[in-house]
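J.: Input input_34.pdb, format and content: PDB, C-alpha atoms.
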ATOM      1  CA  MET A   1      -5.959  -6.407  -1.158
ATOM      2  CA  LYS A   2      -9.533  -6.637  -2.369
ATOM      3  CA  ILE A   3     -10.886  -5.432  -5.732
ATOM      4  CA  GLU A   4     -14.590  -4.972  -6.408
ATOM      5  CA  GLN A   5     -15.809  -4.249  -9.936
ATOM      6  CA  ILE A   6     -19.099  -2.319  -9.756
ATOM      7  CA  PRO A   7     -21.143  -1.183 -12.800
ATOM      8  CA  VAL A   8     -22.607   2.269 -12.086
ATOM      9  CA  GLY A   9     -24.686   4.932 -13.808
ATOM     10  CA  PHE A  10     -26.799   4.825 -16.926
ATOM     11  CA  MET A  11     -23.672   4.319 -19.038
ATOM     12  CA  GLN A  12     -22.671   1.310 -16.921
ATOM     13  CA  VAL A  13     -19.170   2.537 -16.184
ATOM     14  CA  PHE A  14     -17.047   0.095 -14.218
ATOM     15  CA  CYS A  15     -16.276   1.714 -10.872
ATOM     16  CA  TYR A  16     -13.638  -0.049  -8.815
ATOM     17  CA  LEU A  17     -13.370  -0.253  -5.059
ATOM     18  CA  VAL A  18      -9.834  -1.258  -4.116
ATOM     19  CA  TYR A  19      -8.933  -1.516  -0.457
ATOM     20  CA  ASP A  20      -6.413  -2.819   2.044
ATOM     21  CA  GLU A  21      -8.120  -5.480   4.147
ATOM     22  CA  ALA A  22      -5.986  -4.795   7.231
ATOM     23  CA  SER A  23      -6.451  -1.026   7.488
ATOM     24  CA  LYS A  24      -9.829  -0.853   5.667
ATOM     25  CA  GLU A  25      -8.447   2.130   3.741
ATOM     26  CA  GLY A  26      -9.203   2.236   0.038
ATOM     27  CA  ILE A  27      -9.890   4.106  -3.176
ATOM     28  CA  LEU A  28     -12.759   4.457  -5.605
ATOM     29  CA  ILE A  29     -11.788   4.534  -9.276
ATOM     30  CA  ASP A  30     -14.270   6.338 -11.552
ATOM     31  CA  PRO A  31     -17.326   6.600  -9.252
ATOM     32  CA  ALA A  32     -19.729   7.571 -12.020
ATOM     33  CA  GLY A  33     -23.233   7.031 -10.685
ATOM     34  CA  ASN A  34     -25.202   5.191  -7.997
ATOM     35  CA  GLU A  35     -23.361   7.298  -5.437
ATOM     36  CA  ASP A  36     -25.825   6.569  -2.620
ATOM     37  CA  ASP A  37     -25.404   2.843  -3.190
ATOM     38  CA  LEU A  38     -21.617   3.211  -3.184
ATOM     39  CA  LEU A  39     -21.691   5.192   0.049
ATOM     40  CA  ARG A  40     -23.927   2.609   1.742
ATOM     41  CA  HIS A  41     -21.602  -0.150   0.575
ATOM     42  CA  LEU A  42     -18.594   1.659   2.024
ATOM     43  CA  GLU A  43     -20.385   2.147   5.319
ATOM     44  CA  GLU A  44     -21.442  -1.490   5.518
ATOM     45  CA  LYS A  45     -17.883  -2.663   4.875
ATOM     46  CA  GLU A  46     -16.452   0.038   7.185
ATOM     47  CA  ILE A  47     -14.061   1.233   4.499
ATOM     48  CA  THR A  48     -12.454   4.666   4.617
ATOM     49  CA  VAL A  49     -11.954   6.089   1.139
ATOM     50  CA  LYS A  50      -8.707   8.047   0.917
ATOM     51  CA  TYR A  51      -8.781   8.890  -2.801
ATOM     52  CA  ILE A  52     -11.301   9.236  -5.608
ATOM     53  CA  VAL A  53      -9.227   8.359  -8.667
ATOM     54  CA  ASN A  54     -10.224   9.236 -12.229
ATOM     55  CA  THR A  55      -8.750   7.386 -15.191
ATOM     56  CA  HIS A  56      -9.662  10.402 -17.335
ATOM     57  CA  GLY A  57     -11.762  13.546 -17.307
ATOM     58  CA  HIS A  58     -14.859  12.533 -19.274
ATOM     59  CA  ALA A  59     -17.978  13.339 -17.288
ATOM     60  CA  ASP A  60     -19.394   9.817 -17.546
ATOM     61  CA  HIS A  61     -16.409   8.636 -15.469
ATOM     62  CA  CYS A  62     -16.180  11.400 -12.875
ATOM     63  CA  CYS A  63     -19.745  12.660 -12.444
ATOM     64  CA  GLY A  64     -19.902  11.155  -8.950
ATOM     65  CA  ASN A  65     -16.747  12.844  -7.676
ATOM     66  CA  GLY A  66     -18.485  15.720  -5.936
ATOM     67  CA  LYS A  67     -21.031  13.725  -3.955
ATOM     68  CA  ILE A  68     -18.507  11.079  -2.872
ATOM     69  CA  HIS A  69     -15.977  13.776  -1.933
ATOM     70  CA  ARG A  70     -18.475  15.711   0.177
ATOM     71  CA  ALA A  71     -19.590  12.565   1.973
ATOM     72  CA  THR A  72     -16.144  11.077   2.618
ATOM     73  CA  GLN A  73     -13.662  13.979   2.317
ATOM     74  CA  ALA A  74     -11.610  11.752   0.022
ATOM     75  CA  LYS A  75      -9.287  13.691  -2.273
ATOM     76  CA  VAL A  76     -10.011  13.680  -6.011
ATOM     77  CA  VAL A  77      -7.049  12.610  -8.167
ATOM     78  CA  MET A  78      -6.689  13.257 -11.908
ATOM     79  CA  HIS A  79      -3.867  13.701 -14.409
ATOM     80  CA  GLU A  80      -2.915  17.371 -14.611
ATOM     81  CA  VAL A  81      -3.582  17.594 -18.369
ATOM     82  CA  ASP A  82      -7.167  16.367 -18.096
ATOM     83  CA  ASP A  83      -7.774  18.462 -14.989
ATOM     84  CA  ASP A  84      -6.846  21.545 -17.035
ATOM     85  CA  PHE A  85      -8.701  20.479 -20.183
ATOM     86  CA  TYR A  86     -11.999  19.602 -18.509
ATOM     87  CA  GLN A  87     -12.135  22.799 -16.484
ATOM     88  CA  GLN A  88     -12.365  24.825 -19.695
ATOM     89  CA  PRO A  89     -15.791  26.406 -20.368
ATOM     90  CA  GLU A  90     -16.378  24.448 -23.580
ATOM     91  CA  SER A  91     -15.605  21.159 -21.802
ATOM     92  CA  LYS A  92     -18.012  22.006 -18.996
ATOM     93  CA  MET A  93     -20.686  22.850 -21.544
ATOM     94  CA  PHE A  94     -20.129  19.526 -23.334
ATOM     95  CA  ALA A  95     -20.548  17.622 -20.044
ATOM     96  CA  ARG A  96     -23.809  19.389 -19.296
ATOM     97  CA  SER A  97     -25.090  18.708 -22.819
ATOM     98  CA  MET A  98     -24.675  14.978 -22.083
ATOM     99  CA  GLY A  99     -26.679  15.305 -18.881
ATOM    100  CA  PHE A 100     -23.750  15.228 -16.457
ATOM    101  CA  PRO A 101     -22.542  17.756 -13.912
ATOM    102  CA  SER A 102     -19.293  19.312 -15.064
ATOM    103  CA  PRO A 103     -16.232  17.925 -13.264
ATOM    104  CA  GLU A 104     -14.938  19.860 -10.275
ATOM    105  CA  PRO A 105     -11.201  20.622 -10.054
ATOM    106  CA  ALA A 106      -9.007  17.808  -8.749
ATOM    107  CA  ASP A 107      -7.434  18.027  -5.310
ATOM    108  CA  ILE A 108      -4.330  16.148  -6.443
ATOM    109  CA  ARG A 109      -2.931  16.494  -9.969
ATOM    110  CA  VAL A 110      -0.666  13.668 -11.081
ATOM    111  CA  LYS A 111       1.627  13.012 -14.014
ATOM    112  CA  ASP A 112       3.255   9.945 -15.538
ATOM    113  CA  GLY A 113       5.098   7.839 -12.967
ATOM    114  CA  ASP A 114       3.593   9.457  -9.872
ATOM    115  CA  GLU A 115       2.665   7.187  -6.984
ATOM    116  CA  LEU A 116       0.171   7.440  -4.130
ATOM    117  CA  SER A 117      -0.445   5.041  -1.253
ATOM    118  CA  PHE A 118      -3.459   3.937   0.727
ATOM    119  CA  GLY A 119      -3.217   1.444   3.556
ATOM    120  CA  ASN A 120      -0.264  -0.776   2.654
ATOM    121  CA  ILE A 121      -0.937  -0.462  -1.074
ATOM    122  CA  THR A 122       0.806   1.746  -3.632
ATOM    123  CA  MET A 123      -0.688   2.778  -6.958
ATOM    124  CA  LYS A 124       1.281   4.112  -9.898
ATOM    125  CA  PHE A 125      -0.080   6.368 -12.639
ATOM    126  CA  ILE A 126       0.811   5.580 -16.250
ATOM    127  CA  HIS A 127      -0.050   8.354 -18.709
ATOM    128  CA  THR A 128      -1.862   6.793 -21.677
ATOM    129  CA  PRO A 129      -3.084   9.648 -23.895
ATOM    130  CA  GLY A 130      -5.273   8.944 -26.896
ATOM    131  CA  HIS A 131      -8.820   8.625 -25.601
ATOM    132  CA  THR A 132      -8.179  11.930 -23.828
ATOM    133  CA  LYS A 133      -5.025  14.011 -23.540
ATOM    134  CA  GLY A 134      -4.575  13.186 -19.874
ATOM    135  CA  GLY A 135      -5.904   9.650 -19.755
ATOM    136  CA  CYS A 136      -4.174   7.361 -17.279
ATOM    137  CA  CYS A 137      -3.970   3.730 -16.356
ATOM    138  CA  ILE A 138      -3.555   2.927 -12.667
ATOM    139  CA  LEU A 139      -1.174   0.106 -11.814
ATOM    140  CA  ILE A 140      -1.626  -1.629  -8.458
ATOM    141  CA  GLY A 141       0.571  -4.689  -8.132
ATOM    142  CA  GLN A 142      -0.248  -6.806 -11.175
ATOM    143  CA  ASN A 143      -3.591  -5.076 -11.705
ATOM    144  CA  LEU A 144      -4.031  -2.400 -14.369
ATOM    145  CA  PHE A 145      -7.136  -0.227 -14.311
ATOM    146  CA  THR A 146      -7.364   1.050 -17.869
ATOM    147  CA  GLY A 147     -10.474   3.250 -17.972
ATOM    148  CA  ASP A 148     -11.367   3.881 -21.619
ATOM    149  CA  SER A 149      -7.804   3.508 -22.890
ATOM    150  CA  LEU A 150      -8.182  -0.255 -23.249
ATOM    151  CA  PHE A 151     -11.231  -2.506 -23.226
ATOM    152  CA  VAL A 152     -11.419  -6.262 -23.574
ATOM    153  CA  GLY A 153     -11.009  -6.699 -27.322
ATOM    154  CA  ALA A 154     -11.354  -3.001 -28.116
ATOM    155  CA  VAL A 155     -10.256   0.531 -27.211
ATOM    156  CA  GLY A 156     -11.898   3.834 -26.374
ATOM    157  CA  ARG A 157     -13.064   6.201 -29.089
ATOM    158  CA  THR A 158     -10.676   8.885 -30.286
ATOM    159  CA  ASP A 159     -13.033  11.208 -32.176
ATOM    160  CA  LEU A 160     -13.924  13.456 -29.229
ATOM    161  CA  PRO A 161     -11.984  16.653 -28.397
ATOM    162  CA  GLY A 162      -8.503  15.767 -27.189
ATOM    163  CA  GLY A 163      -8.567  12.305 -28.734
ATOM    164  CA  SER A 164      -5.858  10.902 -30.996
ATOM    165  CA  PHE A 165      -5.823   7.432 -32.518
ATOM    166  CA  ASN A 166      -2.057   7.518 -33.101
ATOM    167  CA  GLN A 167      -1.418   8.548 -29.509
ATOM    168  CA  LEU A 168      -3.669   5.793 -28.213
ATOM    169  CA  ILE A 169      -1.887   3.133 -30.248
ATOM    170  CA  ALA A 170       1.451   4.408 -28.949
ATOM    171  CA  SER A 171       0.121   4.275 -25.391
ATOM    172  CA  LEU A 172      -1.024   0.679 -25.799
ATOM    173  CA  LYS A 173       2.328  -0.327 -27.280
ATOM    174  CA  LYS A 174       4.033   1.163 -24.232
ATOM    175  CA  LEU A 175       1.871  -0.872 -21.880
ATOM    176  CA  VAL A 176       2.486  -4.131 -23.698
ATOM    177  CA  LYS A 177       6.231  -3.566 -23.949
ATOM    178  CA  THR A 178       6.802  -2.452 -20.351
ATOM    179  CA  LEU A 179       4.392  -4.542 -18.263
ATOM    180  CA  PRO A 180       4.281  -8.333 -17.798
ATOM    181  CA  PRO A 181       1.795 -10.269 -19.966
ATOM    182  CA  GLU A 182       0.075 -11.628 -16.849
ATOM    183  CA  THR A 183      -0.928  -8.096 -15.802
ATOM    184  CA  VAL A 184      -4.699  -8.140 -15.232
ATOM    185  CA  VAL A 185      -6.661  -5.604 -17.298
ATOM    186  CA  TRP A 186      -9.655  -4.055 -15.525
ATOM    187  CA  PRO A 187     -11.477  -1.947 -18.164
ATOM    188  CA  GLY A 188     -13.757   1.068 -17.841
ATOM    189  CA  HIS A 189     -16.762  -0.617 -19.480
ATOM    190  CA  ASP A 190     -17.982  -4.170 -20.026
ATOM    191  CA  TYR A 191     -17.723  -4.059 -23.808
ATOM    192  CA  GLY A 192     -15.957  -7.377 -24.354
ATOM    193  CA  GLU A 193     -16.652 -11.086 -24.008
ATOM    194  CA  ARG A 194     -15.633 -10.999 -20.345
ATOM    195  CA  PRO A 195     -15.305  -8.277 -17.699
ATOM    196  CA  ARG A 196     -11.522  -8.458 -17.429
ATOM    197  CA  SER A 197      -8.516  -9.796 -19.314
ATOM    198  CA  THR A 198      -4.714  -9.761 -19.264
ATOM    199  CA  LEU A 199      -2.231  -7.747 -21.270
ATOM    200  CA  GLY A 200      -0.916 -10.953 -22.807
ATOM    201  CA  ILE A 201      -4.341 -11.978 -24.061
ATOM    202  CA  GLU A 202      -5.040  -8.483 -25.368
ATOM    203  CA  ALA A 203      -1.673  -8.341 -27.141
ATOM    204  CA  GLU A 204      -2.606 -11.514 -29.023
ATOM    205  CA  THR A 205      -6.326 -11.001 -29.647
ATOM    206  CA  ASN A 206      -7.127  -7.280 -29.526
ATOM    207  CA  PRO A 207      -6.752  -5.979 -33.102
ATOM    208  CA  TYR A 208      -5.913  -2.489 -31.851
ATOM    209  CA  ILE A 209      -2.758  -3.955 -30.353
ATOM    210  CA  SER A 210      -1.931  -7.036 -32.413
ATOM    211  CA  GLU A 211      -2.268  -5.297 -35.793
ATOM    212  CA  TYR A 212      -0.142  -2.303 -34.805
ATOM    213  CA  MET A 213       2.686  -3.883 -32.828
ATOM    214  CA  ASP A 214       6.141  -3.459 -34.343
TER     215      ASP A 214
END
I need this file expressed as structure tokens, please.
T.:
Amino acid sequence: MKIEQIPVGFMQVFCYLVYDEASKEGILIDPAGNEDDLLRHLEEKEITVKYIVNTHGHADHCCGNGKIHRATQAKVVMHEVDDDFYQQPESKMFARSMGFPSPEPADIRVKDGDELSFGNITMKFIHTPGHTKGGCCILIGQNLFTGDSLFVGAVGRTDLPGGSFNQLIASLKKLVKTLPPETVVWPGHDYGERPRSTLGIEAETNPYISEYMD
């Protein structure tokens, strides 16, 4: 399995290309800008994208869904709660006010514990509400793609519609208590001292975890 961490868009979202080297089948997590560059990269590496996976429904993380979907026919995957929430008229208006196209409906709606496969790789969806109601982390082996639920040394904001600080803290506690400390954290933005971390390091050094753990 190969993982590529690619900053995209004017908000420098971390998009992730994850693919099976044998079958050349893969996924794009949060393709949120630079879509033409992403498509050229896929073509050069001869990778077939099976799924476009969104960690959550904020437009800065899924604004590239439509163009990538039309070019590759990959199915868009999002948690069912965020798919509902961000199809509401007020959510679409908020996306447009930030200069993004409003998210299109997902092709596949997932919930906590659901799994999907590409190539010889299986990904599992872990519902981590708090940044948004339907935010998810994607677990692939010992790799956890956390979107805006967890950054290196910080967490996503909870003051936007659908956010809840208490829910986010509960979500982070669940991750730390149920996953091994060596689990690699791949965040949605490069807001920390390094572009990735581990759950063990975050449990010890991230104040949003260490100060709230029971």
J.: Name the residues captured by the PyMOL selection byres ((chain A and resi 99-105) around 8) when it is applied to the shown file; answer as a ChimeraX atom specification.
T.: /A:57,59-60,62-63,65-66,83,86-87,91-93,95-98,106-107
J.: Which residues of range 64-181 of chain A come within 7 Å of range 19-26 of chain A, and what is each one's closest atom pair and distance in Å (one decimal), counting all atoms listed in the file, sorted by chain and residue number, as JSON lines?
T.:
{"residue": "A:Phe118", "atom": "CA", "partner": "A:Gly26", "partner_atom": "CA", "distance": 6.0}
{"residue": "A:Gly119", "atom": "CA", "partner": "A:Glu25", "partner_atom": "CA", "distance": 5.3}
{"residue": "A:Asn120", "atom": "CA", "partner": "A:Asp20", "partner_atom": "CA", "distance": 6.5}
{"residue": "A:Ile121", "atom": "CA", "partner": "A:Asp20", "partner_atom": "CA", "distance": 6.7}
J.: Give me the residues near Asn206 in chain A as a PyMOL selection string, where near means some atom within 8 Å (using all atoms listed in the file) and where sequence neighbours in that chain fewer than 5 positions away do not count.
T.: chain A and resi 152-154+201
J.: Apply the PyMOL selection byres ((chain A and resi 74-78) around 6) to the structure shown and report the selected residues as a JSON list (two decimals) with C-alpha atoms, in the coordinates of the input.
T.:
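To be explicit, this is the file written out as expr.json:
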[["chain", "number", "residue", "atom", "x", "y", "z"],
["A", 49, "VAL", "CA", -11.95, 6.09, 1.14],
["A", 50, "LYS", "CA", -8.71, 8.05, 0.92],
["A", 51, "TYR", "CA", -8.78, 8.89, -2.80],
["A", 52, "ILE", "CA", -11.30, 9.24, -5.61],
["A", 53, "VAL", "CA", -9.23, 8.36, -8.67],
["A", 54, "ASN", "CA", -10.22, 9.24, -12.23],
["A", 69, "HIS", "CA", -15.98, 13.78, -1.93],
["A", 72, "THR", "CA", -16.14, 11.08, 2.62],
["A", 73, "GLN", "CA", -13.66, 13.98, 2.32],
["A", 79, "HIS", "CA", -3.87, 13.70, -14.41],
["A", 106, "ALA", "CA", -9.01, 17.81, -8.75],
["A", 107, "ASP", "CA", -7.43, 18.03, -5.31],
["A", 108, "ILE", "CA", -4.33, 16.15, -6.44],
["A", 109, "ARG", "CA", -2.93, 16.49, -9.97]]
J.: Find, counting only C-alpha atoms, the residue in A:Lys133, A:His56, A:His127, A:Lys45 that gets nearest to Gly162 in chain A.
T.: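 Smallest distance to Gly162 in chain A is found for A:Lys133.
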J.: If you measure from CA of His131 in chain A to CA of Val155 in chain A, what distance in Å do you get, rounded to one decimal?
T.: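 Atom-to-atom, CA of His131 in chain A and CA of Val155 in chain A are spaced 8.4 Å apart.
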J.: Missing atoms in range 130-157 of chain A: fill them in up to N, CA and C atoms and send the result as a PDB file, keeping the file's coordinate frame.
T.:
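Output file result21.pdb follows:
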ATOM      1  N   GLY A 130      -4.684   9.482 -25.667  1.00  0.00           N
ATOM      2  CA  GLY A 130      -5.273   8.944 -26.896  1.00  0.00           C
ATOM      3  C   GLY A 130      -6.780   9.028 -26.841  1.00  0.00           C
ATOM      4  N   HIS A 131      -7.374   8.448 -25.807  1.00  0.00           N
ATOM      5  CA  HIS A 131      -8.820   8.625 -25.601  1.00  0.00           C
ATOM      6  C   HIS A 131      -9.069  10.064 -25.145  1.00  0.00           C
ATOM      7  N   THR A 132      -8.265  10.516 -24.203  1.00  0.00           N
ATOM      8  CA  THR A 132      -8.179  11.930 -23.828  1.00  0.00           C
ATOM      9  C   THR A 132      -6.707  12.292 -23.721  1.00  0.00           C
ATOM     10  N   LYS A 133      -6.422  13.576 -23.627  1.00  0.00           N
ATOM     11  CA  LYS A 133      -5.025  14.011 -23.540  1.00  0.00           C
ATOM     12  C   LYS A 133      -4.363  13.568 -22.237  1.00  0.00           C
ATOM     13  N   GLY A 134      -5.140  13.522 -21.180  1.00  0.00           N
ATOM     14  CA  GLY A 134      -4.575  13.186 -19.874  1.00  0.00           C
ATOM     15  C   GLY A 134      -5.060  11.860 -19.332  1.00  0.00           C
ATOM     16  N   GLY A 135      -5.459  10.958 -20.210  1.00  0.00           N
ATOM     17  CA  GLY A 135      -5.904   9.650 -19.755  1.00  0.00           C
ATOM     18  C   GLY A 135      -4.784   8.893 -19.058  1.00  0.00           C
ATOM     19  N   CYS A 136      -5.153   8.129 -18.050  1.00  0.00           N
ATOM     20  CA  CYS A 136      -4.174   7.361 -17.279  1.00  0.00           C
ATOM     21  C   CYS A 136      -4.658   5.948 -17.055  1.00  0.00           C
ATOM     22  N   CYS A 137      -3.715   5.036 -16.923  1.00  0.00           N
ATOM     23  CA  CYS A 137      -3.970   3.730 -16.356  1.00  0.00           C
ATOM     24  C   CYS A 137      -3.378   3.716 -14.952  1.00  0.00           C
ATOM     25  N   ILE A 138      -4.018   2.994 -14.056  1.00  0.00           N
ATOM     26  CA  ILE A 138      -3.555   2.927 -12.667  1.00  0.00           C
ATOM     27  C   ILE A 138      -3.060   1.518 -12.408  1.00  0.00           C
ATOM     28  N   LEU A 139      -1.791   1.407 -12.056  1.00  0.00           N
ATOM     29  CA  LEU A 139      -1.174   0.106 -11.814  1.00  0.00           C
ATOM     30  C   LEU A 139      -1.079  -0.133 -10.313  1.00  0.00           C
ATOM     31  N   ILE A 140      -1.687  -1.231  -9.866  1.00  0.00           N
ATOM     32  CA  ILE A 140      -1.626  -1.629  -8.458  1.00  0.00           C
ATOM     33  C   ILE A 140      -1.198  -3.087  -8.430  1.00  0.00           C
ATOM     34  N   GLY A 141       0.044  -3.338  -8.059  1.00  0.00           N
ATOM     35  CA  GLY A 141       0.571  -4.689  -8.132  1.00  0.00           C
ATOM     36  C   GLY A 141       0.549  -5.166  -9.568  1.00  0.00           C
ATOM     37  N   GLN A 142      -0.126  -6.286  -9.816  1.00  0.00           N
ATOM     38  CA  GLN A 142      -0.248  -6.806 -11.175  1.00  0.00           C
ATOM     39  C   GLN A 142      -1.628  -6.504 -11.759  1.00  0.00           C
ATOM     40  N   ASN A 143      -2.267  -5.475 -11.242  1.00  0.00           N
ATOM     41  CA  ASN A 143      -3.591  -5.076 -11.705  1.00  0.00           C
ATOM     42  C   ASN A 143      -3.520  -3.718 -12.378  1.00  0.00           C
ATOM     43  N   LEU A 144      -4.070  -3.633 -13.590  1.00  0.00           N
ATOM     44  CA  LEU A 144      -4.031  -2.400 -14.369  1.00  0.00           C
ATOM     45  C   LEU A 144      -5.465  -1.944 -14.654  1.00  0.00           C
ATOM     46  N   PHE A 145      -5.813  -0.796 -14.111  1.00  0.00           N
ATOM     47  CA  PHE A 145      -7.136  -0.227 -14.311  1.00  0.00           C
ATOM     48  C   PHE A 145      -7.038   0.754 -15.477  1.00  0.00           C
ATOM     49  N   THR A 146      -7.668   0.392 -16.594  1.00  0.00           N
ATOM     50  CA  THR A 146      -7.364   1.050 -17.869  1.00  0.00           C
ATOM     51  C   THR A 146      -8.389   2.092 -18.302  1.00  0.00           C
ATOM     52  N   GLY A 147      -9.483   2.275 -17.556  1.00  0.00           N
ATOM     53  CA  GLY A 147     -10.474   3.250 -17.972  1.00  0.00           C
ATOM     54  C   GLY A 147     -10.938   2.979 -19.393  1.00  0.00           C
ATOM     55  N   ASP A 148     -10.961   4.036 -20.222  1.00  0.00           N
ATOM     56  CA  ASP A 148     -11.367   3.881 -21.619  1.00  0.00           C
ATOM     57  C   ASP A 148     -10.172   3.818 -22.565  1.00  0.00           C
ATOM     58  N   SER A 149      -8.964   3.680 -22.016  1.00  0.00           N
ATOM     59  CA  SER A 149      -7.804   3.508 -22.890  1.00  0.00           C
ATOM     60  C   SER A 149      -7.804   2.127 -23.526  1.00  0.00           C
ATOM     61  N   LEU A 150      -8.217   1.120 -22.750  1.00  0.00           N
ATOM     62  CA  LEU A 150      -8.182  -0.255 -23.249  1.00  0.00           C
ATOM     63  C   LEU A 150      -9.368  -1.023 -22.685  1.00  0.00           C
ATOM     64  N   PHE A 151     -10.152  -1.613 -23.603  1.00  0.00           N
ATOM     65  CA  PHE A 151     -11.231  -2.506 -23.226  1.00  0.00           C
ATOM     66  C   PHE A 151     -10.812  -3.938 -23.541  1.00  0.00           C
ATOM     67  N   VAL A 152     -11.656  -4.876 -23.173  1.00  0.00           N
ATOM     68  CA  VAL A 152     -11.419  -6.262 -23.574  1.00  0.00           C
ATOM     69  C   VAL A 152     -11.801  -6.394 -25.045  1.00  0.00           C
ATOM     70  N   GLY A 153     -10.790  -6.543 -25.895  1.00  0.00           N
ATOM     71  CA  GLY A 153     -11.009  -6.699 -27.322  1.00  0.00           C
ATOM     72  C   GLY A 153     -11.212  -5.414 -28.093  1.00  0.00           C
ATOM     73  N   ALA A 154     -11.109  -4.274 -27.433  1.00  0.00           N
ATOM     74  CA  ALA A 154     -11.354  -3.001 -28.116  1.00  0.00           C
ATOM     75  C   ALA A 154     -10.622  -1.882 -27.377  1.00  0.00           C
ATOM     76  N   VAL A 155     -10.844  -0.654 -27.848  1.00  0.00           N
ATOM     77  CA  VAL A 155     -10.256   0.531 -27.211  1.00  0.00           C
ATOM     78  C   VAL A 155     -11.308   1.637 -27.172  1.00  0.00           C
ATOM     79  N   GLY A 156     -10.997   2.699 -26.439  1.00  0.00           N
ATOM     80  CA  GLY A 156     -11.898   3.834 -26.374  1.00  0.00           C
ATOM     81  C   GLY A 156     -11.884   4.642 -27.659  1.00  0.00           C
ATOM     82  N   ARG A 157     -12.958   5.378 -27.888  1.00  0.00           N
ATOM     83  CA  ARG A 157     -13.064   6.201 -29.089  1.00  0.00           C
ATOM     84  C   ARG A 157     -12.064   7.351 -29.024  1.00  0.00           C
TER      85      ARG A 157
END
